[in-house]
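Source file: entry.cif (mmCIF, C-alpha atoms (C1' of nucleotides))
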```
data_coords
loop_
_atom_site.label_atom_id
_atom_site.label_comp_id
_atom_site.auth_asym_id
_atom_site.auth_seq_id
_atom_site.Cartn_x
_atom_site.Cartn_y
_atom_site.Cartn_z
CA MET A 1 4.73 244.59 116.97
CA LEU A 2 5.97 243.66 120.40
CA ASN A 3 5.94 246.27 123.08
CA ILE A 4 7.68 246.21 126.42
CA PHE A 5 4.49 245.69 128.44
CA GLU A 6 3.46 242.58 126.54
CA SER A 7 6.82 240.98 127.12
CA THR A 8 6.36 240.97 130.89
CA LYS A 9 2.78 239.71 131.02
CA THR A 10 0.96 237.16 128.92
CA ILE A 11 -2.20 238.67 127.51
CA ARG A 12 -4.80 236.12 126.47
CA GLU A 13 -7.07 237.83 124.02
CA HIS A 14 -10.77 236.88 124.08
CA LYS A 15 -10.29 234.85 127.26
CA GLY A 16 -13.56 234.59 129.22
CA LYS A 17 -14.44 236.53 132.35
CA SER A 18 -14.30 235.40 135.97
CA LEU A 19 -17.90 235.18 137.20
CA ILE A 20 -19.47 235.03 140.64
CA GLU A 21 -22.61 233.03 139.95
CA PHE A 22 -24.32 229.79 140.81
CA PRO A 23 -25.78 228.58 137.50
CA HIS A 24 -27.68 225.30 137.17
CA ASP A 25 -25.96 224.35 133.93
CA PHE A 26 -22.17 224.37 133.62
CA CYS A 27 -19.06 222.22 133.14
CA ILE A 28 -16.56 221.35 135.85
CA ILE A 29 -13.06 221.06 134.41
CA ASP A 30 -9.72 219.83 135.68
CA ILE A 31 -6.41 218.99 134.05
CA GLU A 32 -3.22 217.29 135.15
CA THR A 33 0.06 218.64 133.81
CA THR A 34 3.80 218.00 133.89
CA GLY A 35 4.27 221.13 136.04
CA LEU A 36 2.93 224.54 137.02
CA ASP A 37 4.05 226.80 134.17
CA PRO A 38 1.88 226.90 131.01
CA SER A 39 4.80 228.21 128.95
CA PHE A 40 7.04 225.25 129.74
CA ASP A 41 4.83 222.45 131.00
CA GLU A 42 2.29 220.29 129.23
CA ILE A 43 -1.14 218.79 129.74
CA ILE A 44 -1.22 215.07 130.49
CA GLU A 45 -4.90 214.63 131.35
CA ILE A 46 -8.14 216.54 130.72
CA SER A 47 -11.51 215.88 132.35
CA ALA A 48 -14.82 217.68 132.22
CA LEU A 49 -18.06 216.96 134.04
CA LYS A 50 -21.21 218.31 132.42
CA ILE A 51 -23.85 219.54 134.84
CA ARG A 52 -27.47 220.12 133.81
CA ASP A 53 -30.06 221.27 136.35
CA ASN A 54 -27.39 220.85 139.03
CA ILE A 55 -27.00 217.14 138.20
CA PRO A 56 -23.95 215.54 136.55
CA CYS A 57 -25.07 214.17 133.21
CA GLY A 58 -21.90 213.41 131.28
CA THR A 59 -18.17 213.01 131.53
CA PHE A 60 -15.28 213.75 129.24
CA SER A 61 -11.93 212.32 130.28
CA THR A 62 -8.74 211.51 128.46
CA LEU A 63 -5.03 211.21 129.02
CA VAL A 64 -2.91 213.41 126.75
CA GLN A 65 0.56 212.53 125.54
CA PRO A 66 3.07 215.35 126.10
CA CYS A 67 6.46 215.72 124.38
CA GLU A 68 8.78 212.85 125.07
CA TYR A 69 12.29 213.24 126.31
CA ILE A 70 15.16 210.80 126.41
CA ASP A 71 16.96 209.90 129.61
CA ASP A 72 20.68 210.12 128.76
CA GLU A 73 21.71 207.35 131.10
CA THR A 74 19.16 204.68 130.31
CA ASP A 75 18.35 205.82 126.74
CA SER A 76 14.66 205.30 127.43
CA ILE A 77 11.69 207.54 126.59
CA PHE A 78 10.06 209.59 129.34
CA TYR A 79 6.96 211.80 129.46
CA VAL A 80 6.72 212.70 133.12
CA ASP A 81 9.12 212.76 136.04
CA SER A 82 8.71 210.69 139.18
CA TYR A 83 7.31 213.63 141.13
CA ILE A 84 4.30 213.90 138.82
CA THR A 85 3.81 210.14 138.72
CA GLU A 86 3.92 210.10 142.50
CA LEU A 87 1.44 212.98 142.72
CA THR A 88 -1.08 211.87 140.11
CA GLY A 89 -0.52 208.18 139.59
CA ILE A 90 -0.09 208.83 135.88
CA THR A 91 2.86 206.78 134.60
CA ASN A 92 5.04 206.86 131.51
CA SER A 93 3.53 203.63 130.26
CA MET A 94 0.01 205.04 130.56
CA LEU A 95 1.06 208.06 128.48
CA SER A 96 2.87 205.98 125.86
CA THR A 97 -0.46 205.03 124.26
CA ALA A 98 -2.31 208.28 124.97
CA PRO A 99 -3.58 210.56 122.17
CA LEU A 100 -1.99 213.94 121.49
CA PHE A 101 -3.72 217.18 122.46
CA LYS A 102 -4.49 217.94 118.82
CA ASP A 103 -6.32 214.61 118.56
CA VAL A 104 -8.65 215.29 121.48
CA GLN A 105 -9.17 219.06 121.29
CA SER A 106 -12.22 219.06 119.01
CA THR A 107 -14.02 216.44 121.09
CA PHE A 108 -13.23 218.48 124.16
CA ILE A 109 -14.47 221.82 122.80
CA ASP A 110 -17.62 220.12 121.48
CA PHE A 111 -18.20 218.66 124.93
CA ILE A 112 -17.88 221.93 126.84
CA GLY A 113 -19.64 224.01 124.16
CA ASP A 114 -20.11 227.52 125.48
CA ASP A 115 -20.77 226.35 129.04
CA ILE A 116 -19.49 228.28 132.00
CA LEU A 117 -16.40 226.43 133.23
CA VAL A 118 -16.11 225.75 136.97
CA GLY A 119 -12.87 224.70 138.61
CA HIS A 120 -10.61 225.13 141.60
CA ASN A 121 -8.08 227.85 140.81
CA VAL A 122 -9.58 227.43 137.37
CA ASN A 123 -7.28 230.04 135.78
CA PHE A 124 -4.57 227.42 135.96
CA ASP A 125 -6.58 224.99 133.84
CA ILE A 126 -7.99 227.67 131.53
CA ASN A 127 -4.53 229.08 130.77
CA PHE A 128 -3.11 225.68 129.83
CA LEU A 129 -6.12 224.86 127.67
CA TYR A 130 -6.17 228.34 126.13
CA ASP A 131 -2.50 228.20 125.14
CA ASN A 132 -2.81 224.72 123.64
CA LEU A 133 -5.95 225.58 121.67
CA LEU A 134 -4.35 228.78 120.42
CA LYS A 135 -1.76 226.68 118.59
CA SER A 136 -4.67 225.64 116.34
CA ASN A 137 -5.95 229.23 116.19
CA ILE A 138 -8.87 228.40 118.44
CA PHE A 139 -9.81 230.89 121.16
CA LEU A 140 -11.11 229.47 124.43
CA LYS A 141 -13.68 232.15 125.24
CA ASN A 142 -15.79 230.44 127.93
CA ASP A 143 -16.49 232.44 131.06
CA PHE A 144 -15.53 230.70 134.26
CA ILE A 145 -16.21 230.42 137.98
CA ASP A 146 -13.36 229.85 140.42
CA THR A 147 -14.26 227.83 143.52
CA ILE A 148 -11.11 229.03 145.27
CA ARG A 149 -12.28 232.62 144.88
CA LEU A 150 -15.67 231.69 146.32
CA SER A 151 -14.21 229.75 149.24
CA ARG A 152 -11.85 232.57 150.20
CA ARG A 153 -14.85 234.87 150.37
CA LEU A 154 -17.20 232.45 152.08
CA LEU A 155 -14.75 230.74 154.48
CA PRO A 156 -12.10 233.37 155.25
CA GLU A 157 -11.49 231.71 158.61
CA LEU A 158 -9.99 228.57 157.05
CA PRO A 159 -6.19 228.26 157.33
CA ASN A 160 -5.94 227.52 153.60
CA HIS A 161 -8.18 226.93 150.60
CA LYS A 162 -6.62 223.94 148.90
CA LEU A 163 -9.10 221.61 147.24
CA GLN A 164 -8.06 218.88 149.67
CA SER A 165 -8.73 221.10 152.66
CA LEU A 166 -12.18 222.08 151.45
CA ALA A 167 -12.95 218.41 150.80
CA SER A 168 -12.02 217.41 154.32
CA PHE A 169 -13.96 220.40 155.71
CA TRP A 170 -17.14 218.91 154.24
CA ASN A 171 -16.12 215.24 154.59
CA ILE A 172 -15.95 214.74 150.83
CA ASP A 173 -14.23 211.50 149.82
CA THR A 174 -10.87 212.18 148.17
CA THR A 175 -9.60 208.70 147.40
CA GLY A 176 -8.09 208.77 143.95
CA SER A 177 -7.66 212.52 143.96
CA HIS A 178 -5.12 214.29 141.71
CA ARG A 179 -6.60 212.46 138.78
CA ALA A 180 -8.58 214.88 136.65
CA GLU A 181 -11.91 213.05 136.67
CA LYS A 182 -11.91 212.55 140.43
CA ASP A 183 -10.92 216.16 141.04
CA CYS A 184 -13.89 217.25 138.92
CA LEU A 185 -16.18 215.26 141.20
CA ILE A 186 -14.61 216.74 144.32
CA THR A 187 -14.93 220.22 142.86
CA TYR A 188 -18.59 219.52 142.05
CA GLU A 189 -19.26 218.65 145.72
CA VAL A 190 -17.29 221.68 146.89
CA PHE A 191 -19.26 223.96 144.56
CA LYS A 192 -22.57 222.59 145.87
CA ASN A 193 -21.49 223.21 149.47
CA LEU A 194 -20.30 226.72 148.64
CA ASN A 195 -23.67 227.37 147.04
CA SER A 196 -25.48 226.40 150.27
CA LEU A 197 -23.07 228.53 152.30
CA VAL A 198 -24.06 231.66 150.39
CA ILE A 199 -27.63 231.36 151.62
CA GLU A 200 -26.51 230.30 155.09
CA LYS A 201 -24.15 233.26 155.54
CA PHE A 202 -25.71 236.00 153.41
CA GLY A 203 -29.38 235.05 153.11
CA THR A 204 -29.57 235.90 149.42
CA TYR A 205 -27.30 235.72 146.38
CA GLU A 206 -27.75 239.46 145.96
CA ALA A 207 -26.34 240.14 149.43
CA PHE A 208 -23.32 237.96 148.65
CA LEU A 209 -22.73 239.70 145.32
CA GLU A 210 -22.95 243.05 147.03
CA SER A 211 -20.24 242.01 149.50
CA ILE A 212 -18.01 241.00 146.59
CA LYS A 213 -18.55 244.22 144.68
CA ARG A 214 -17.11 246.18 147.56
CA LYS A 215 -13.61 246.50 146.28
CA TYR A 216 -11.96 247.16 149.60
CA THR A 217 -12.58 244.16 151.76
CA SER A 218 -10.46 244.96 154.77
CA ILE A 219 -11.75 247.57 157.18
CA SER A 220 -9.66 250.65 157.81
CA GLU A 221 -7.22 250.75 160.69
CA SER A 222 -9.28 253.33 162.58
CA GLU A 223 -12.37 251.18 162.16
CA LEU A 224 -10.45 248.18 163.50
CA ILE A 225 -9.31 250.11 166.58
CA LYS A 226 -12.88 251.17 167.37
CA HIS A 227 -13.87 247.51 167.64
CA LEU A 228 -11.00 246.43 169.89
CA THR A 229 -12.17 245.69 173.42
CA THR A 230 -10.77 243.92 176.45
CA ASP A 231 -12.25 241.58 179.05
CA LYS A 232 -9.85 242.91 181.68
CA VAL A 233 -11.34 245.07 184.40
CA GLU A 234 -8.26 245.69 186.52
CA PHE A 235 -4.95 246.94 185.17
CA ASP A 236 -1.41 247.06 186.48
CA GLU A 237 -0.95 250.80 186.60
CA SER A 238 2.83 250.44 186.83
CA ASN A 239 2.99 248.83 183.40
CA PRO A 240 4.56 251.23 180.88
CA CYS A 241 1.64 250.62 178.52
CA PHE A 242 -1.02 251.71 181.00
CA GLY A 243 -2.80 254.86 179.95
CA LYS A 244 -0.49 255.39 176.96
CA GLU A 245 -1.49 255.71 173.32
CA PHE A 246 0.33 253.58 170.72
CA VAL A 247 0.59 253.85 166.94
CA PHE A 248 2.16 251.17 164.73
CA THR A 249 3.97 251.54 161.42
CA GLY A 250 5.32 248.83 159.13
CA LYS A 251 4.91 245.09 159.37
CA LEU A 252 5.73 243.51 162.72
CA GLU A 253 7.97 240.45 162.64
CA ARG A 254 6.58 238.56 165.60
CA MET A 255 2.80 238.98 165.28
CA PRO A 256 0.09 240.64 163.20
CA ARG A 257 -0.50 244.29 164.03
CA LYS A 258 -3.99 243.48 165.25
CA GLU A 259 -2.61 241.15 167.94
CA ALA A 260 -0.07 243.72 169.09
CA MET A 261 -2.86 246.26 169.43
CA GLN A 262 -4.93 243.81 171.44
CA LEU A 263 -2.00 243.35 173.86
CA VAL A 264 -1.80 247.11 174.37
CA ILE A 265 -5.54 247.32 175.07
CA ASP A 266 -5.32 244.40 177.51
CA LEU A 267 -2.64 246.28 179.46
CA GLY A 268 -4.81 249.35 179.79
CA GLY A 269 -3.31 251.30 176.88
CA LYS A 270 -4.91 252.80 173.79
CA CYS A 271 -4.16 252.61 170.08
CA GLY A 272 -4.42 255.14 167.27
CA SER A 273 -4.21 254.98 163.48
CA SER A 274 -2.21 258.16 163.01
CA ILE A 275 0.22 260.34 164.94
CA THR A 276 -1.54 263.03 167.00
CA LYS A 277 -0.63 265.22 169.95
CA ASN A 278 -1.98 262.45 172.17
CA THR A 279 0.27 259.72 170.76
CA ASN A 280 2.86 258.51 173.29
CA TYR A 281 4.63 255.75 171.37
CA LEU A 282 5.25 254.90 167.73
CA VAL A 283 6.32 251.27 167.24
CA LEU A 284 8.47 250.68 164.16
CA GLY A 285 7.89 247.52 162.18
CA ASN A 286 9.61 246.52 158.98
CA ASN A 287 9.05 248.71 155.91
CA ASP A 288 11.28 246.83 153.49
CA TYR A 289 8.35 245.31 151.64
CA CYS A 290 6.97 248.74 150.73
CA GLY A 291 8.28 250.00 147.41
CA THR A 292 6.70 253.44 147.63
CA ILE A 293 8.27 254.43 150.93
CA LYS A 294 10.72 257.35 150.73
CA ASN A 295 14.19 257.37 152.39
CA GLY A 296 13.30 254.49 154.73
CA LYS A 297 10.82 256.42 156.85
CA SER A 298 7.07 256.12 156.78
CA ARG A 299 4.82 259.14 156.98
CA LYS A 300 3.98 258.16 160.57
CA GLN A 301 7.66 258.06 161.54
CA LYS A 302 8.41 261.48 160.03
CA LYS A 303 5.46 262.98 161.83
CA ALA A 304 6.49 261.36 165.14
CA GLU A 305 10.02 262.79 164.79
CA GLU A 306 8.56 266.21 164.09
CA TYR A 307 6.31 266.05 167.15
CA LYS A 308 9.17 264.87 169.35
CA LEU A 309 11.26 267.90 168.28
CA LYS A 310 8.31 270.13 169.14
CA GLY A 311 8.47 268.72 172.65
CA TYR A 312 5.39 266.50 172.67
CA ASP A 313 5.41 263.44 174.94
CA ILE A 314 6.19 260.91 172.21
CA GLU A 315 8.85 258.20 171.87
CA ILE A 316 9.77 256.05 168.88
CA LEU A 317 10.26 252.39 169.77
CA SER A 318 11.75 249.49 167.90
CA GLU A 319 9.64 246.37 167.78
CA ASN A 320 11.82 244.59 170.35
CA VAL A 321 11.69 247.45 172.86
CA PHE A 322 7.91 247.36 172.49
CA TYR A 323 7.88 243.70 173.51
CA ASP A 324 10.02 244.55 176.57
CA PHE A 325 7.26 247.02 177.54
CA LEU A 326 4.75 244.21 177.68
CA ASP A 327 6.16 242.41 180.73
"C1'" DT B 1 -9.69 261.75 159.50
"C1'" DC B 2 -11.68 259.24 155.67
"C1'" DT B 3 -11.89 257.19 151.02
"C1'" DC B 4 -9.67 255.49 147.20
"C1'" DC B 5 -5.41 253.83 144.89
"C1'" DT B 6 -1.10 251.15 144.28
"C1'" DC B 7 1.93 247.70 145.20
"C1'" DG B 8 4.24 243.46 147.22
"C1'" DA B 9 3.64 239.10 149.36
"C1'" DG B 10 1.54 234.82 149.68
"C1'" DA B 11 -1.73 231.27 148.07
"C1'" DT B 12 -3.17 227.90 144.69
"C1'" DC B 13 -3.03 224.95 140.52
"C1'" DT B 14 0.79 220.25 138.66
"C1'" DC C 1 -7.16 236.09 143.70
"C1'" DT C 2 -6.89 238.30 148.62
"C1'" DC C 3 -4.69 240.75 152.29
"C1'" DG C 4 -2.40 244.43 154.43
"C1'" DA C 5 0.76 247.97 154.15
"C1'" DG C 6 1.49 253.35 152.95
"C1'" DG C 7 0.36 257.36 150.03
"C1'" DA C 8 -2.45 261.16 147.90
"C1'" DG C 9 -5.95 264.12 148.28
"C1'" DA C 10 -10.40 265.68 149.89
#
```
Show me the file's structure as structure tokens.
Amino acid sequence: MLNIFESTKTIREHKGKSLIEFPHDFCIIDIETTGLDPSFDEIIEISALKIRDNIPCGTFSTLVQPCEYIDDETDSIFYVDSYITELTGITNSMLSTAPLFKDVQSTFIDFIGDDILVGHNVNFDINFLYDNLLKSNIFLKNDFIDTIRLSRRLLPELPNHKLQSLASFWNIDTTGSHRAEKDCLITYEVFKNLNSLVIEKFGTYEAFLESIKRKYTSISESELIKHLTTDKVEFDESNPCFGKEFVFTGKLERMPRKEAMQLVIDLGGKCGSSITKNTNYLVLGNNDYCGTIKNGKSRKQKKAEEYKLKGYDIEILSENVFYDFLD
DNA sequence: TCTCCTCGAGATCT
DNA sequence: CTCGAGGAGA
């Protein structure tokens, strides 16, 4: 029986759990595919690197032949488009002699056994493998560790967490990347470096785990405001921000809210997290993204309007007027 | 005012 | 997954 919830989201029964661990024995996995969507695209290469006692001790790697399609104009057989060949270096002629997924699946599942699977954005690889194995009524149940999840926690200051970026961060050689076997090796090096970072940044694995268990990672707005300080010692008292208390609502177009607050502080103003009798200005950002907001006005805006009617010294500013205040 | 919850957006994989 | 919004309720 199909219900409406299942139709919107793919549920993979018996799929393993995402772990935060640094085991000594595991398998690194990586696949190459014809695209990003497991329901339309196909696997063209699978690699796995078996690690025992933190040392690579075996490799599984094979190309996989996907469905062929015929080019109408040239009447020739294709497996991958030029974008994928460009990206991975895997060509149609290489795939023409490759085995099918069904032919390699048992060797693959024997190789990985019940090892923990480690990969970069490993859900991508797991989902493709899971769906293909399911066609033979095999459940891929292995638990897994995602290096992208670890790197976002351990290196939040990085501009992005692509495998390539992490590799260059640690000077890991990436020649021949975007082939599955090479990407396994890169991921292995990345995982080792992330492991060292845990101790460097948290002292113990337990401390790191504790930081992950805290569900709410970002500090509250009021907590953020408490920690805002300025180097300035002298202020232009004629600036409209001086001595005034600002509150922000919605998402600002031009800068993150934190930066806007810093500008206010630097001009001798103050910031608050909610509308009070002391609030002088409410700056309106964009609320379009927020599905729960009622009749276009945030709770802060309604309260500010109420206070203004009561005669408090409060004005509601658009984002652009706020920027005019700054100079 | 504070904690917890929900939701959208963006990131990442090929 | 993670972040950053607002909302509900204590």
Within 8 Å of chain A, which residues of chain C show up? Give each one with its shortest atom-to-atom distance in Å (one decimal) and the two atoms involved, counting only C-alpha atoms (C1' of nucleotides), rows by chain then rising residue number, as a Markdown table.
```
| residue | atom | partner | partner_atom | distance |
| --- | --- | --- | --- | --- |
| C:DC1 | C1' | A:Arg149 | CA | 6.3 |
| C:DT2 | C1' | A:Arg152 | CA | 7.7 |
| C:DC3 | C1' | A:Ser218 | CA | 7.6 |
| C:DA5 | C1' | A:Gly250 | CA | 6.8 |
| C:DG6 | C1' | A:Ile293 | CA | 7.2 |
| C:DG7 | C1' | A:Thr292 | CA | 7.8 |
```
Could those selected residues go to a file with C-alpha atoms (C1' of nucleotides), as a JSON list (two decimals), in the frame of the given file?
```json
[["chain", "number", "residue", "atom", "x", "y", "z"],
["C", 1, "DC", "C1'", -7.16, 236.09, 143.70],
["C", 2, "DT", "C1'", -6.89, 238.30, 148.62],
["C", 3, "DC", "C1'", -4.69, 240.75, 152.29],
["C", 5, "DA", "C1'", 0.76, 247.97, 154.15],
["C", 6, "DG", "C1'", 1.49, 253.35, 152.95],
["C", 7, "DG", "C1'", 0.36, 257.36, 150.03]]
```
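Atom CA of A:Phe128 is positioned 27.2 Å from atom CA of A:Leu154.
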- Given the file above and the PyMOL selection byres ((chain B) within 8 of (chain A)), which residues are selected, and can you give them as a PyMOL selection string? chain B and resi 7-8+11-14
- Task: List the residues matched by the PyMOL selection byres ((chain A and resi 107-109) around 10) in the displayed structure as an MDAnalysis selection string, ordered by chain and then by residue number.
- Result: chainID A and resid 46:48 60:62 101:106 110:115 133 138 140
- Message: I want to know what sits within 12 Å of C:DG9, based on all atoms listed in the file, with residues of the same chain fewer than 6 positions away left out; could you give that as a list of chain:residue names?
- Response: B:DC2, B:DT3, B:DC4, B:DC5
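Computed from the coordinates, the atom CA of A:Ser82 to atom CA of A:Arg179 distance equals 15.4 Å.
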- Query: Mind pulling up the distance from atom CA of A:Glu221 to atom CA of A:Lys303?
  - Reply: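 Answer for the atom CA of A:Lys303 to atom CA of A:Glu221 separation: 17.7 Å.
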- Item | Spatial neighbours of A:Ala304, 12 Å, all atoms listed in the file, chain gap at least 4 places, as a PyMOL selection string | chain A and resi 246-249+274-284+297-300+308-317
